[in-house]
Every structure is written in structure tokens, then in C-alpha cells.
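input_20.txt follows (compact mmCIF, C-alpha atoms (C1' of nucleotides)):
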```
# COMPACT_ATOMS: atom_id res chain seq x y z
CA MET D 1 246.66 64.33 149.62
CA ALA D 2 246.13 63.41 153.21
CA GLN D 3 242.42 63.74 153.62
CA LYS D 4 241.37 65.74 156.62
CA ASN D 5 241.37 63.10 159.32
CA VAL D 6 239.07 65.01 161.61
CA LEU D 7 238.76 61.99 163.88
CA GLN D 8 242.36 62.37 164.90
CA PHE D 9 241.70 65.89 166.15
CA ILE D 10 238.60 64.84 167.99
CA ILE D 11 240.63 62.22 169.81
CA LEU D 12 243.28 64.79 170.65
CA GLY D 13 240.57 67.13 171.91
CA LEU D 14 238.97 64.52 174.10
CA LEU D 15 242.27 63.32 175.52
CA ASN D 16 243.29 66.89 176.14
CA GLU D 17 240.50 67.24 178.68
CA GLN D 18 241.49 64.06 180.46
CA PRO D 19 243.28 60.80 179.70
CA LEU D 20 240.95 58.14 178.39
CA THR D 21 241.02 54.55 177.20
CA GLY D 22 240.06 53.48 173.69
CA TYR D 23 236.88 52.09 175.09
CA GLU D 24 235.97 55.36 176.73
CA LEU D 25 236.77 57.28 173.56
CA THR D 26 234.47 54.97 171.66
CA LYS D 27 231.68 55.60 174.12
CA ALA D 28 232.08 59.35 173.73
CA PHE D 29 230.60 59.04 170.25
CA ASP D 30 227.41 57.55 171.64
CA SER D 31 226.37 60.76 173.32
CA ASP D 32 226.41 64.42 172.29
CA ILE D 33 229.44 64.45 170.08
CA GLY D 34 227.92 61.60 168.13
CA GLU D 35 225.47 64.20 166.83
CA PHE D 36 228.28 65.71 164.82
CA TRP D 37 230.74 62.91 164.25
CA SER D 38 230.81 59.19 164.80
CA ALA D 39 233.35 56.39 164.86
CA ARG D 40 233.52 52.74 165.87
CA HIS D 41 236.10 51.07 168.04
CA SER D 42 237.49 49.29 164.98
CA GLN D 43 238.49 52.66 163.60
CA ILE D 44 239.64 54.10 166.90
CA TYR D 45 242.04 51.41 168.14
CA PRO D 46 244.22 51.33 165.01
CA LEU D 47 244.23 55.13 164.91
CA LEU D 48 245.38 55.33 168.51
CA ASN D 49 248.30 53.07 167.64
CA ARG D 50 249.19 55.18 164.64
CA MET D 51 248.96 58.40 166.64
CA GLU D 52 251.17 56.97 169.30
CA GLY D 53 253.69 56.07 166.62
CA GLU D 54 253.61 59.70 165.54
CA ARG D 55 254.22 60.80 169.12
CA LEU D 56 250.93 62.67 169.34
CA ILE D 57 249.78 60.62 172.29
CA THR D 58 251.22 58.18 174.83
CA HIS D 59 249.64 55.59 177.02
CA GLU D 60 250.16 53.92 180.33
CA THR D 61 248.75 50.52 181.10
CA GLU D 62 246.42 50.00 184.00
CA VAL D 63 245.20 46.72 185.42
CA THR D 64 241.70 46.11 186.74
CA GLY D 65 241.04 43.13 188.92
CA GLU D 66 243.44 40.30 188.30
CA LYS D 67 244.34 40.45 184.64
CA LEU D 68 242.29 42.88 182.57
CA GLU D 69 244.51 45.53 181.06
CA ARG D 70 243.55 48.84 179.63
CA LYS D 71 245.57 51.55 178.00
CA ARG D 72 244.94 55.06 179.17
CA TYR D 73 246.02 57.56 176.55
CA ALA D 74 247.15 61.16 177.03
CA VAL D 75 248.28 63.85 174.60
CA THR D 76 251.94 64.74 174.26
CA PRO D 77 253.08 68.36 173.80
CA VAL D 78 253.32 67.65 170.07
CA GLY D 79 249.75 66.41 170.05
CA ALA D 80 248.56 69.41 172.05
CA GLU D 81 250.19 71.77 169.58
CA MET D 82 248.56 69.99 166.70
CA LEU D 83 245.19 70.27 168.39
CA THR D 84 245.68 74.00 168.89
CA ARG D 85 246.60 74.47 165.26
CA TRP D 86 243.40 72.72 164.22
CA LEU D 87 241.31 74.84 166.57
CA ASN D 88 242.92 78.09 165.44
CA GLU D 89 242.80 77.35 161.76
CA PRO D 90 239.63 78.91 160.34
CA THR D 91 236.94 76.49 159.16
CA ARG D 92 236.15 77.73 155.69
CA THR D 93 234.15 74.75 154.59
CA ILE D 94 230.77 73.43 155.49
CA THR D 95 231.01 69.70 156.04
CA PRO D 96 228.64 68.27 153.43
CA GLY D 97 225.68 66.60 155.04
CA LYS D 98 224.07 63.35 154.03
CA ASP D 99 220.44 62.50 154.55
CA GLU D 100 219.00 59.42 152.94
CA PHE D 101 215.46 60.34 153.86
CA ALA D 102 215.64 63.72 152.16
CA LEU D 103 216.87 62.04 149.02
CA LYS D 104 214.01 59.59 148.97
CA LEU D 105 211.62 62.46 149.32
CA TYR D 106 213.25 64.17 146.37
CA PHE D 107 212.08 61.37 144.13
CA ILE D 108 208.46 61.60 145.17
CA SER D 109 207.44 64.10 142.55
CA ASP D 110 203.72 63.89 143.05
CA ALA D 111 202.27 65.74 146.03
CA SER D 112 199.40 63.28 146.23
CA ASP D 113 201.62 60.20 146.32
CA GLY D 114 200.21 57.90 148.95
CA ARG D 115 203.64 57.02 150.32
CA LEU D 116 204.34 60.57 151.38
CA HIS D 117 202.26 60.56 154.53
CA VAL D 118 203.76 57.39 155.98
CA MET D 119 207.28 58.42 155.12
CA LEU D 120 206.92 61.76 156.85
CA GLN D 121 205.18 60.23 159.83
CA THR D 122 207.86 57.58 160.36
CA GLN D 123 210.63 60.10 160.10
CA LEU D 124 208.86 62.46 162.47
CA GLN D 125 208.73 59.76 165.12
CA LEU D 126 212.46 59.17 164.78
CA HIS D 127 213.34 62.82 165.09
CA ARG D 128 210.94 63.43 167.93
CA SER D 129 212.50 60.71 170.02
CA LYS D 130 215.94 61.98 169.19
CA LEU D 131 214.89 65.45 170.25
CA GLU D 132 213.54 64.06 173.48
CA HIS D 133 216.81 62.36 174.18
CA LEU D 134 218.79 65.51 173.49
CA GLU D 135 216.58 67.53 175.78
CA GLY D 136 217.19 64.96 178.49
CA GLN D 137 220.90 65.40 177.97
CA MET D 138 220.60 69.14 178.25
CA LYS D 139 218.63 68.88 181.45
CA SER D 140 221.02 66.47 183.07
CA LYS D 141 224.25 68.11 181.97
CA PHE D 142 223.47 71.80 182.00
CA SER D 143 221.01 72.54 184.75
CA THR D 144 223.20 75.13 186.43
CA ASP D 145 224.97 78.20 185.15
CA SER D 146 228.36 77.02 186.26
CA GLN D 147 227.97 73.82 184.28
CA ILE D 148 227.40 75.92 181.19
CA ARG D 149 230.35 78.15 181.90
CA GLY D 150 232.64 75.19 182.47
CA HIS D 151 231.85 73.45 179.19
CA TYR D 152 230.63 76.24 177.01
CA GLY D 153 231.39 74.66 173.63
CA HIS D 154 229.65 71.50 174.69
CA TYR D 155 226.65 73.53 175.74
CA LEU D 156 226.60 75.38 172.42
CA ILE D 157 226.60 72.29 170.26
CA LEU D 158 224.05 70.47 172.37
CA ASN D 159 221.91 73.53 171.94
CA HIS D 160 222.65 73.37 168.24
CA ALA D 161 221.62 69.75 168.01
CA ILE D 162 218.36 70.46 169.82
CA ARG D 163 217.52 73.39 167.56
CA ARG D 164 218.39 71.34 164.51
CA GLU D 165 216.11 68.50 165.51
CA THR D 166 213.37 70.90 166.52
CA GLU D 167 213.52 72.49 163.10
CA TYR D 168 213.59 69.09 161.44
CA CYS D 169 210.40 68.16 163.28
CA HIS D 170 208.71 71.45 162.38
CA TRP D 171 209.55 70.90 158.75
CA LEU D 172 208.13 67.39 158.81
CA GLU D 173 205.00 68.59 160.59
CA ASP D 174 204.44 71.33 158.03
CA ALA D 175 204.99 68.89 155.21
CA LEU D 176 202.54 66.45 156.84
CA ALA D 177 199.94 69.18 157.11
CA SER D 178 199.92 69.47 153.34
CA ALA D 179 200.23 65.75 152.65
CA PRO D 180 196.87 64.09 152.12
CA ALA D 181 196.28 61.63 154.92
CA VAL D 182 195.63 58.33 153.22
CA ALA D 183 192.07 59.26 152.22
CA ASP D 184 191.71 56.93 149.25
CA ALA D 185 194.35 54.42 150.14
CA ASP D 186 193.33 52.67 153.31
CA THR D 187 190.66 53.14 155.93
CA GLY D 188 189.59 56.58 154.99
CA THR D 189 189.63 57.76 158.58
CA GLY D 190 192.13 60.11 160.04
CA ALA D 191 195.45 58.43 160.49
CA LYS D 192 195.99 57.68 164.13
CA ARG D 193 199.27 57.70 165.92
CA SER D 194 200.33 54.75 167.98
CA MET O 1 228.17 42.94 153.74
CA ALA O 2 227.08 45.39 151.12
CA GLN O 3 227.02 48.71 152.81
CA LYS O 4 224.02 50.75 151.85
CA ASN O 5 225.14 52.23 148.55
CA VAL O 6 222.67 55.08 148.59
CA LEU O 7 224.40 56.67 145.61
CA GLN O 8 223.20 53.87 143.40
CA PHE O 9 219.59 54.62 144.27
CA ILE O 10 220.07 58.32 143.70
CA ILE O 11 221.38 57.57 140.25
CA LEU O 12 218.42 55.31 139.57
CA GLY O 13 216.10 58.03 140.79
CA LEU O 14 217.63 60.69 138.60
CA LEU O 15 217.69 58.48 135.54
CA ASN O 16 214.12 57.47 136.17
CA GLU O 17 213.00 61.03 135.57
CA GLN O 18 214.94 61.27 132.32
CA PRO O 19 217.98 59.66 130.69
CA LEU O 20 221.19 61.46 131.58
CA THR O 21 224.90 61.26 130.90
CA GLY O 22 227.51 60.69 133.59
CA TYR O 23 228.48 64.29 133.27
CA GLU O 24 224.94 65.49 133.84
CA LEU O 25 224.54 63.19 136.81
CA THR O 26 227.69 64.64 138.30
CA LYS O 27 226.37 68.15 137.85
CA ALA O 28 223.16 67.23 139.65
CA PHE O 29 225.14 67.05 142.87
CA ASP O 30 226.23 70.65 142.52
CA SER O 31 222.75 71.99 143.06
CA ASP O 32 219.95 71.11 145.47
CA ILE O 33 220.54 67.45 145.89
CA GLY O 34 224.13 68.24 146.86
CA GLU O 35 222.62 69.58 150.08
CA PHE O 36 221.85 66.04 151.10
CA TRP O 37 224.32 63.88 149.23
CA SER O 38 227.37 64.45 147.13
CA ALA O 39 229.56 62.50 144.74
CA ARG O 40 232.34 63.20 142.26
CA HIS O 41 232.60 62.01 138.71
CA SER O 42 235.37 59.61 139.72
CA GLN O 43 232.86 57.76 141.83
CA ILE O 44 230.00 58.03 139.38
CA TYR O 45 231.57 56.70 136.19
CA PRO O 46 232.77 53.39 137.64
CA LEU O 47 229.46 52.95 139.41
CA LEU O 48 227.57 53.47 136.15
CA ASN O 49 229.62 50.72 134.57
CA ARG O 50 228.96 48.41 137.45
CA MET O 51 225.24 49.14 137.42
CA GLU O 52 225.10 48.48 133.73
CA GLY O 53 226.81 45.15 134.33
CA GLU O 54 224.06 44.37 136.81
CA ARG O 55 221.43 45.28 134.20
CA LEU O 56 220.03 48.11 136.31
CA ILE O 57 220.69 50.65 133.58
CA THR O 58 221.59 50.73 129.90
CA HIS O 59 223.11 53.38 127.72
CA GLU O 60 223.07 54.53 124.16
CA THR O 61 225.92 56.49 122.69
CA GLU O 62 225.36 59.91 121.20
CA VAL O 63 227.77 61.97 119.18
CA THR O 64 228.11 65.71 119.43
CA GLY O 65 229.89 67.55 116.66
CA GLU O 66 232.39 65.44 114.83
CA LYS O 67 233.77 63.05 117.41
CA LEU O 68 232.74 63.73 121.00
CA GLU O 69 230.83 60.80 122.38
CA ARG O 70 228.62 60.66 125.40
CA LYS O 71 226.71 57.86 126.97
CA ARG O 72 223.15 58.57 127.86
CA TYR O 73 221.95 56.19 130.56
CA ALA O 74 218.42 55.02 131.26
CA VAL O 75 216.97 52.67 133.87
CA THR O 76 215.92 49.16 132.92
CA PRO O 77 212.77 47.56 134.36
CA VAL O 78 215.02 45.78 136.87
CA GLY O 79 216.51 49.11 137.92
CA ALA O 80 213.10 50.73 138.17
CA GLU O 81 211.90 47.94 140.43
CA MET O 82 214.95 48.32 142.63
CA LEU O 83 214.31 52.04 142.89
CA THR O 84 210.72 51.42 143.92
CA ARG O 85 211.79 48.96 146.59
CA TRP O 86 214.15 51.56 148.02
CA LEU O 87 211.47 54.23 148.03
CA ASN O 88 208.90 51.98 149.65
CA GLU O 89 211.17 50.54 152.28
CA PRO O 90 210.77 52.60 155.46
CA THR O 91 213.74 54.73 156.49
CA ARG O 92 214.24 53.77 160.10
CA THR O 93 217.60 55.40 160.53
CA ILE O 94 218.76 58.95 160.71
CA THR O 95 221.82 59.36 158.53
CA PRO O 96 224.48 60.47 160.99
CA GLY O 97 225.63 63.99 160.27
CA LYS O 98 229.15 65.32 160.35
CA ASP O 99 230.10 68.87 161.17
CA GLU O 100 233.70 69.74 161.70
CA PHE O 101 232.89 73.22 162.92
CA ALA O 102 230.59 71.97 165.67
CA LEU O 103 233.33 69.64 166.85
CA LYS O 104 235.84 72.44 167.07
CA LEU O 105 233.41 74.44 169.13
CA TYR O 106 232.98 71.51 171.47
CA PHE O 107 236.59 71.84 172.51
CA ILE O 108 236.33 75.52 173.36
CA SER O 109 235.38 75.02 176.95
CA ASP O 110 235.78 78.61 178.12
CA ALA O 111 232.99 81.03 177.21
CA SER O 112 235.43 83.91 177.22
CA ASP O 113 237.87 82.27 174.83
CA GLY O 114 238.96 84.91 172.36
CA ARG O 115 238.74 82.55 169.40
CA LEU O 116 235.03 82.03 169.82
CA HIS O 117 233.92 85.30 168.26
CA VAL O 118 235.95 84.91 165.06
CA MET O 119 234.98 81.27 164.66
CA LEU O 120 231.30 82.01 164.91
CA GLN O 121 231.56 85.05 162.67
CA THR O 122 233.39 83.14 159.92
CA GLN O 123 230.93 80.30 160.02
CA LEU O 124 228.00 82.70 159.97
CA GLN O 125 229.26 84.24 156.75
CA LEU O 126 229.51 80.82 155.15
CA HIS O 127 226.02 79.81 156.11
CA ARG O 128 224.50 83.14 155.20
CA SER O 129 225.85 82.94 151.68
CA LYS O 130 224.68 79.39 151.38
CA LEU O 131 221.25 80.43 152.52
CA GLU O 132 221.21 83.20 149.97
CA HIS O 133 222.06 80.75 147.24
CA LEU O 134 219.32 78.37 148.31
CA GLU O 135 216.78 81.15 148.35
CA GLY O 136 217.82 82.05 144.84
CA GLN O 137 217.23 78.45 143.81
CA MET O 138 213.81 78.48 145.37
CA LYS O 139 212.85 81.66 143.62
CA SER O 140 214.04 80.47 140.24
CA LYS O 141 212.69 76.94 140.41
CA PHE O 142 209.47 77.28 142.35
CA SER O 143 207.88 80.59 141.58
CA THR O 144 204.61 79.12 140.43
CA ASP O 145 202.22 76.66 142.01
CA SER O 146 202.42 74.23 139.15
CA GLN O 147 206.18 74.03 139.49
CA ILE O 148 205.70 72.99 143.09
CA ARG O 149 203.07 70.43 142.23
CA GLY O 150 205.20 68.94 139.48
CA HIS O 151 208.28 68.38 141.64
CA TYR O 152 206.90 68.23 145.11
CA GLY O 153 209.69 66.25 146.75
CA HIS O 154 212.24 68.57 145.28
CA TYR O 155 210.31 71.51 146.65
CA LEU O 156 210.10 69.91 150.08
CA ILE O 157 213.80 69.28 150.43
CA LEU O 158 214.79 72.66 149.08
CA ASN O 159 212.50 74.09 151.69
CA HIS O 160 214.16 71.81 154.21
CA ALA O 161 217.62 73.00 153.25
CA ILE O 162 216.56 76.63 153.56
CA ARG O 163 215.05 76.09 156.97
CA ARG O 164 218.09 74.16 158.09
CA GLU O 165 220.45 76.94 157.06
CA THR O 166 218.18 79.59 158.52
CA GLU O 167 218.23 77.78 161.83
CA TYR O 168 221.99 77.35 161.63
CA CYS O 169 222.38 81.09 161.16
CA HIS O 170 220.04 81.87 164.04
CA TRP O 171 222.01 79.59 166.29
CA LEU O 172 225.29 81.24 165.32
CA GLU O 173 223.78 84.68 165.82
CA ASP O 174 222.53 83.80 169.26
CA ALA O 175 225.88 82.33 170.19
CA LEU O 176 227.61 85.44 168.92
CA ALA O 177 225.38 87.62 171.03
CA SER O 178 226.76 85.95 174.12
CA ALA O 179 230.35 85.74 172.88
CA PRO O 180 232.45 88.69 174.01
CA ALA O 181 233.74 90.67 171.05
CA VAL O 182 237.52 90.71 171.15
CA ALA O 183 237.98 93.76 173.38
CA ASP O 184 237.68 92.23 176.85
CA ALA O 185 238.19 88.65 175.82
CA ASP O 186 241.82 87.78 176.22
CA THR O 187 243.05 90.38 178.65
CA GLY O 188 244.19 89.92 182.17
CA THR O 189 241.33 87.66 183.14
CA GLY O 190 241.54 83.92 183.46
CA ALA O 191 243.45 83.57 180.19
CA LYS O 192 242.85 80.36 178.33
CA ARG O 193 243.60 76.92 179.49
CA SER O 194 245.19 74.37 177.24
C1' DA S 1 243.97 80.61 118.90
C1' DC S 2 242.76 79.93 123.28
C1' DG S 3 240.13 79.46 127.45
C1' DG S 4 236.37 77.41 129.69
C1' DG S 5 233.24 74.00 129.79
C1' DC S 6 231.93 69.30 127.99
C1' DA S 7 232.90 64.50 128.48
C1' DT S 8 234.92 60.15 130.24
C1' DG S 9 237.86 57.55 132.41
C1' DT S 10 241.74 55.31 135.92
C1' DA S 11 244.96 54.95 140.07
C1' DA S 12 246.22 55.54 144.60
C1' DC S 13 244.91 56.28 148.81
C1' DA S 14 242.18 57.54 152.95
C1' DC S 15 238.11 56.91 155.54
C1' DG S 16 234.48 54.08 157.49
C1' DT S 17 231.59 49.75 158.40
C1' DT S 18 230.72 45.03 159.39
C1' DA S 19 232.12 40.99 160.94
C1' DC S 20 235.31 38.07 163.28
C1' DA S 21 237.87 37.05 167.48
C1' DT S 22 239.09 36.80 172.32
C1' DG S 23 238.99 37.19 177.10
C1' DA S 24 237.97 39.53 181.89
C1' DT S 25 234.89 41.58 185.24
C1' DT S 26 230.69 42.59 187.61
C1' DC S 27 226.24 41.92 189.20
C1' DA S 28 222.09 39.36 189.83
C1' DT P 1 226.35 30.40 186.36
C1' DG P 2 224.93 33.22 183.04
C1' DA P 3 224.25 37.73 180.92
C1' DA P 4 225.74 42.33 180.29
C1' DT P 5 229.39 45.17 179.96
C1' DC P 6 234.31 46.15 179.92
C1' DA P 7 238.26 45.99 177.00
C1' DT P 8 241.17 45.40 172.85
C1' DG P 9 242.25 44.05 168.71
C1' DT P 10 242.27 42.37 163.28
C1' DA P 11 240.37 41.26 158.49
C1' DA P 12 237.72 42.11 154.65
C1' DC P 13 235.36 45.07 152.29
C1' DG P 14 232.85 49.14 150.69
C1' DT P 15 232.70 54.15 150.15
C1' DG P 16 234.63 58.56 149.00
C1' DT P 17 238.53 61.94 147.73
C1' DT P 18 242.43 63.61 145.20
C1' DA P 19 245.13 63.45 141.54
C1' DC P 20 246.32 61.99 137.04
C1' DA P 21 245.07 61.64 132.14
C1' DT P 22 243.00 62.62 127.75
C1' DG P 23 240.59 64.86 124.21
C1' DC P 24 236.55 67.55 121.97
C1' DC P 25 233.46 71.55 121.41
C1' DC P 26 231.94 76.35 121.47
C1' DG P 27 232.24 81.11 121.79
C1' DT P 28 235.17 85.19 121.65
```

With the file now loaded, output its structure as C-alpha cells.
Amino acid sequence: MAQKNVLQFIILGLLNEQPLTGYELTKAFDSDIGEFWSARHSQIYPLLNRMEGERLITHETEVTGEKLERKRYAVTPVGAEMLTRWLNEPTRTITPGKDEFALKLYFISDASDGRLHVMLQTQLQLHRSKLEHLEGQMKSKFSTDSQIRGHYGHYLILNHAIRRETEYCHWLEDALASAPAVADADTGTGAKRS
Amino acid sequence: MAQKNVLQFIILGLLNEQPLTGYELTKAFDSDIGEFWSARHSQIYPLLNRMEGERLITHETEVTGEKLERKRYAVTPVGAEMLTRWLNEPTRTITPGKDEFALKLYFISDASDGRLHVMLQTQLQLHRSKLEHLEGQMKSKFSTDSQIRGHYGHYLILNHAIRRETEYCHWLEDALASAPAVADADTGTGAKRS
DNA sequence: ACGGGCATGTAACACGTTACATGATTCA
DNA sequence: TGAATCATGTAACGTGTTACATGCCCGT
């Protein structure tokens, strides 16, 4: 029955560090944690209401300026207990990954297929810029030892994301090395990078 | 508006290599391609019907033994064209990954949290056995050069999966090396904060 | 004869995305 | 004053999971 509803636990986890608004929760998925889970505000707001109905969280309303209201949510003891149960419960499954690019590649059965080079190149660009961004994050968030000690899990998964993207790039580079560069398809010169 | 429906293209891709039954398609997700996409039969059978209604595929009925029927599907020219369009269209997005374990880790803010060691250890076991399985696949499917040349994309992504899992294991091992093993973890020191 | 795998389907529900909708605040 | 961002919501739809349901075939 009840599917896992991981999002609910992520929200509990985030609110457990400090009370946040729905808007702030939404933004959290734009940075590091978005590497491992994502959600839009249209999923978050209804879930917050439901969770409040289940007494996992509460909110208090703040007012900015003259009229603009925002709801700052915090976990209740019930919610905190639920979060702890999730954290303590062993994770016996590997969340199945999805990767549209890998699937496309699967269907290119011929090593000399002209599309291969472009596909790999395009994807490499994407992952390189992602890697760059992650390294920026690491630099800005974990330059000192105390920053690492204070948010160790965060440090670990950012490290994880960086290593994952690094490996992804290496794989693409290796694949590119064995993929014929255009040769008979276009200009015949070495493919240049913009 | 029509979400991406990647599954549809995967089915087209698989059927384009050779006609298959719904059951065989379902099984395909248990092996290598399951590393990058997964689907159950309850999703596949209705989709096959829909795709047939859209003239992307057709089927002919076979009979095994006395009564057991199965529908063997094949792509139509329309379906083949659609597959080609998908393959040729550049993949500008990185399919967002999900990883429940990584998220849990994120919320362990204290490096000396006693739970860390067990969590990492458990996950390491999982990924090691997965890696083992993938290496078995590689050995059995791509022992010769001609096998690689004949299914190059398949080879590439299997390689990708192996490297991904290898890296995942390395990361866990490194994290474990810096995670205190039970003994001095939870004793009179700072305890854990909730 | 029976157990495991072959084979196909449907129903109910949960999760997730896109689009629609509205209004306030801040800064240039 | 206009654009970007803050802030919260709903509606419609598409995707994916779990459970229910049925029956045949093959090997032991």
C-alpha cells in the first residue's frame, strides 16, 4: 500500500534543522539536495497541508511588509519521532535510477554510428557544467573544517555528487575516445569544441 | 502536456531489434536496462495496447502448446520513424536522479553519529553485490570483441553501470574510513542532537 | 500432482509535472 | 513603473506501484 513517500521525510528533515516556509522548502531542491531528490511547489504545498492535518508539523503565520503572509512550518514531536524512525530504519533498497541518455545509447548498436560522437559530446558538456557547479558549491559551503563537521551528511553527499559527475564525465570521455569523430560525415577535420 | 513518456521509446527500441511479447519486454527491465529505467508488466501491457491503437506497433498472436496465447509485437514504419526522431533529438537534460540513502545521510549532521557506520556498511554491501552482478553480466555478454561491436551501446551502458557502482562503493568506503566504528561513537561525548 | 515460470490483463491508488491563477514586495 | 522574485495555492493530467485476477505449460 502506501508507497514510500520519501518527500515527506525530506520535509521533516529540513524542518527539523530550522522552521521554513513552503517557498524555502521548494528552493532547497534547487541546490545540493536536488541532486538526489526533487519536487515542485505544486507538490510541496498540498503535502504540507496534509502533514499538518496529520499533526506532523505546525505552522505560524508571519507577515512581511503590509500584507504578504507566509507560513513558517516546524516539526511536532510526532513528526520528529517519525523522522527518527525513517533515519534509523535500514535502507535495504537501491533507489532505481533513470537516465534517458543511457537508454538512447543502448539503442545505438553500431560502434561506427555517426550520431554517437555528437550525443556523447553534448552530454559531456552538460555533465561538465554540472560538475563545475557542484565544485563551486563545495568551495563555498565547505571551505573550513568546522563547516564540514557541522553538516557532515551534507558534506558527504555533495562529495558523492561530485564523484558521481566526475565518473560520468570520465566515462563519456573514454567512450568519445573510441567513437570515430565524424570522419566521413561532415567536414572531415577534427571536431572542434565551442 | 504529454510528459515525456520515455518508456514508449524504450519499447520501440527493443521491438526494433526483434519482435517481442509483453512478457519478454517486462523481463528486459530485470537485466542491464533496468539499471537506467524500470517498468512493471502492469504498466507495459496497457501501454502496448495504446501504442497499437496509435499504429506505432502491431502484433501477431502465437500459440504455445494447446491453448496459451501470446502476442508478439513489432514496430510499424510509423513507430520506427518515431524511434529515430527520439534517437536523433539531442538530450539536453540530465534525468534527475533519486537516492533515498543519500537523503538520509544528508540529515546526519554529526560526524560522530553512531548510526553512520551501520548505514554506510549496509549500503556498501548492497552496492558491492550489485557490482558483482554487473560484472558477471559483462563477462557473460561481452567476452569477445565481436560481441562488443555488435551491441556497442549496450556495452557502453553496462560499462557505465559498472563504473557508477564502483565509484559508489569507493565513496562509501572512503566515508566509512572516516566514520568512527561503534566503540567510541555514542559514549559520553556530545551525544546526538535531534 | 504440484510448483515455478510463462503469459496477460485490470483496478485502485500514490507520486509527480505542467499549467493556471493570484497577489505582494523589492530594487533599479 | 516595470521586472524579478517572493509567496501560496489549485486543476488536470500523466506516470508508476501494488494488489488483484486468471489460466497454461513444463519439468520433476

Exercise. For chain S, which residues have at least one atom within 9 Å of chain D, if we go by only C-alpha atoms (C1' of nucleotides)? Write them as a list in words, please.
Worked result: DC13, DA14, DC15, DG16, DT17, DG23, DA24 and DT25 of chain S

For this session: Return the single residue from D:Ala177, D:Arg70, D:Glu132, D:His154 that is closest to Lys104 (chain O), with distances computed using all atoms listed in the file.
Result: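 Comparing D:Ala177, D:Arg70, D:Glu132, D:His154 against Lys104 (chain O), the winner is D:His154.
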
Exercise. What separation in Å, quoted to one decimal, exists between C1' of DT22 (chain P) and C1' of DC2 (chain S)?
Worked result: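 Between these atoms lies a distance of 17.9 Å.
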
Exercise. Neighbours of region 121-125 of chain O within 9 Å (only C-alpha atoms (C1' of nucleotides); same-chain residues fewer than 2 positions away dropped), as a PyMOL selection string?
Worked result: (chain D and resi 90-94) or (chain O and resi 101+116-119+127-130+168-170+172-173+176)

Preceding selection exported with C-alpha atoms as an mmCIF file, in the frame of the given file:
```cif
data_model
loop_
_atom_site.group_PDB
_atom_site.id
_atom_site.type_symbol
_atom_site.label_atom_id
_atom_site.label_comp_id
_atom_site.auth_asym_id
_atom_site.auth_seq_id
_atom_site.Cartn_x
_atom_site.Cartn_y
_atom_site.Cartn_z
ATOM 1 C CA PRO D 90 239.630 78.910 160.340
ATOM 2 C CA THR D 91 236.940 76.490 159.160
ATOM 3 C CA ARG D 92 236.150 77.730 155.690
ATOM 4 C CA THR D 93 234.150 74.750 154.590
ATOM 5 C CA ILE D 94 230.770 73.430 155.490
ATOM 6 C CA PHE O 101 232.890 73.220 162.920
ATOM 7 C CA LEU O 116 235.030 82.030 169.820
ATOM 8 C CA HIS O 117 233.920 85.300 168.260
ATOM 9 C CA VAL O 118 235.950 84.910 165.060
ATOM 10 C CA MET O 119 234.980 81.270 164.660
ATOM 11 C CA HIS O 127 226.020 79.810 156.110
ATOM 12 C CA ARG O 128 224.500 83.140 155.200
ATOM 13 C CA SER O 129 225.850 82.940 151.680
ATOM 14 C CA LYS O 130 224.680 79.390 151.380
ATOM 15 C CA TYR O 168 221.990 77.350 161.630
ATOM 16 C CA CYS O 169 222.380 81.090 161.160
ATOM 17 C CA HIS O 170 220.040 81.870 164.040
ATOM 18 C CA LEU O 172 225.290 81.240 165.320
ATOM 19 C CA GLU O 173 223.780 84.680 165.820
ATOM 20 C CA LEU O 176 227.610 85.440 168.920
#
```

Problem set entry | Residue hits in chain P, query chain D, radius 12 Å, only C-alpha atoms (C1' of nucleotides), as a list in words |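 Contact residues on the first chain: DT5, DC6, DA7, DT8, DG9, DT10, DA11, DG16, DT17, DT18 and DA19 of chain P.
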
DG2 (chain P) environment, 12 Å, all atoms listed in the file, sequence neighbours closer than 4 positions dropped, as a compact mmCIF listing (two decimals) with C-alpha atoms (C1' of nucleotides), keeping the file's coordinate frame:
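Final output, selection-v8.txt:
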```txt
# COMPACT_ATOMS: atom_id res chain seq x y z
C1' DT S 26 230.69 42.59 187.61
C1' DC S 27 226.24 41.92 189.20
C1' DA S 28 222.09 39.36 189.83
```

For this session: Pick out the residues sitting within 12 Å of DG5 (chain S), and hand them over as a ChimeraX atom specification; count all atoms listed in the file, and ignore anything fewer than 3 positions along from it in its own chain.
Result: /O:23 /P:24-27

Exercise. What is the distance, in Å and to one decimal place, between CA of Phe9 (chain D) and CA of Leu87 (chain D)?
Worked result: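 It comes out at 9.0 Å.
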
Exercise. What lies within 10 Å of Leu48 (chain D) using all atoms listed in the file, ignoring chain neighbours under 2 positions off, as JSON, numbers by chain?
Worked result: {"D": [8, 11, 12, 21, 22, 43, 44, 45, 46, 50, 51, 52, 53, 54, 56, 57, 58, 59, 73]}

Problem set entry | Pick from O:Asp113, O:Asp145, O:Glu17, O:Asp99, whichever lies nearest to chain D using only C-alpha atoms |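 Counting only C-alpha atoms, the residue closest to chain D is O:Asp99.
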
Exercise. What is the distance, in Å and to one decimal place, between CA of Arg164 (chain O) and CA of Ser140 (chain O)?
Worked result: 19.4 Å

For this session: Enumerate as a count of residues only the residues belonging to chain O that approach chain D to within 8 Å, with only C-alpha atoms taken into account.
Result: 57
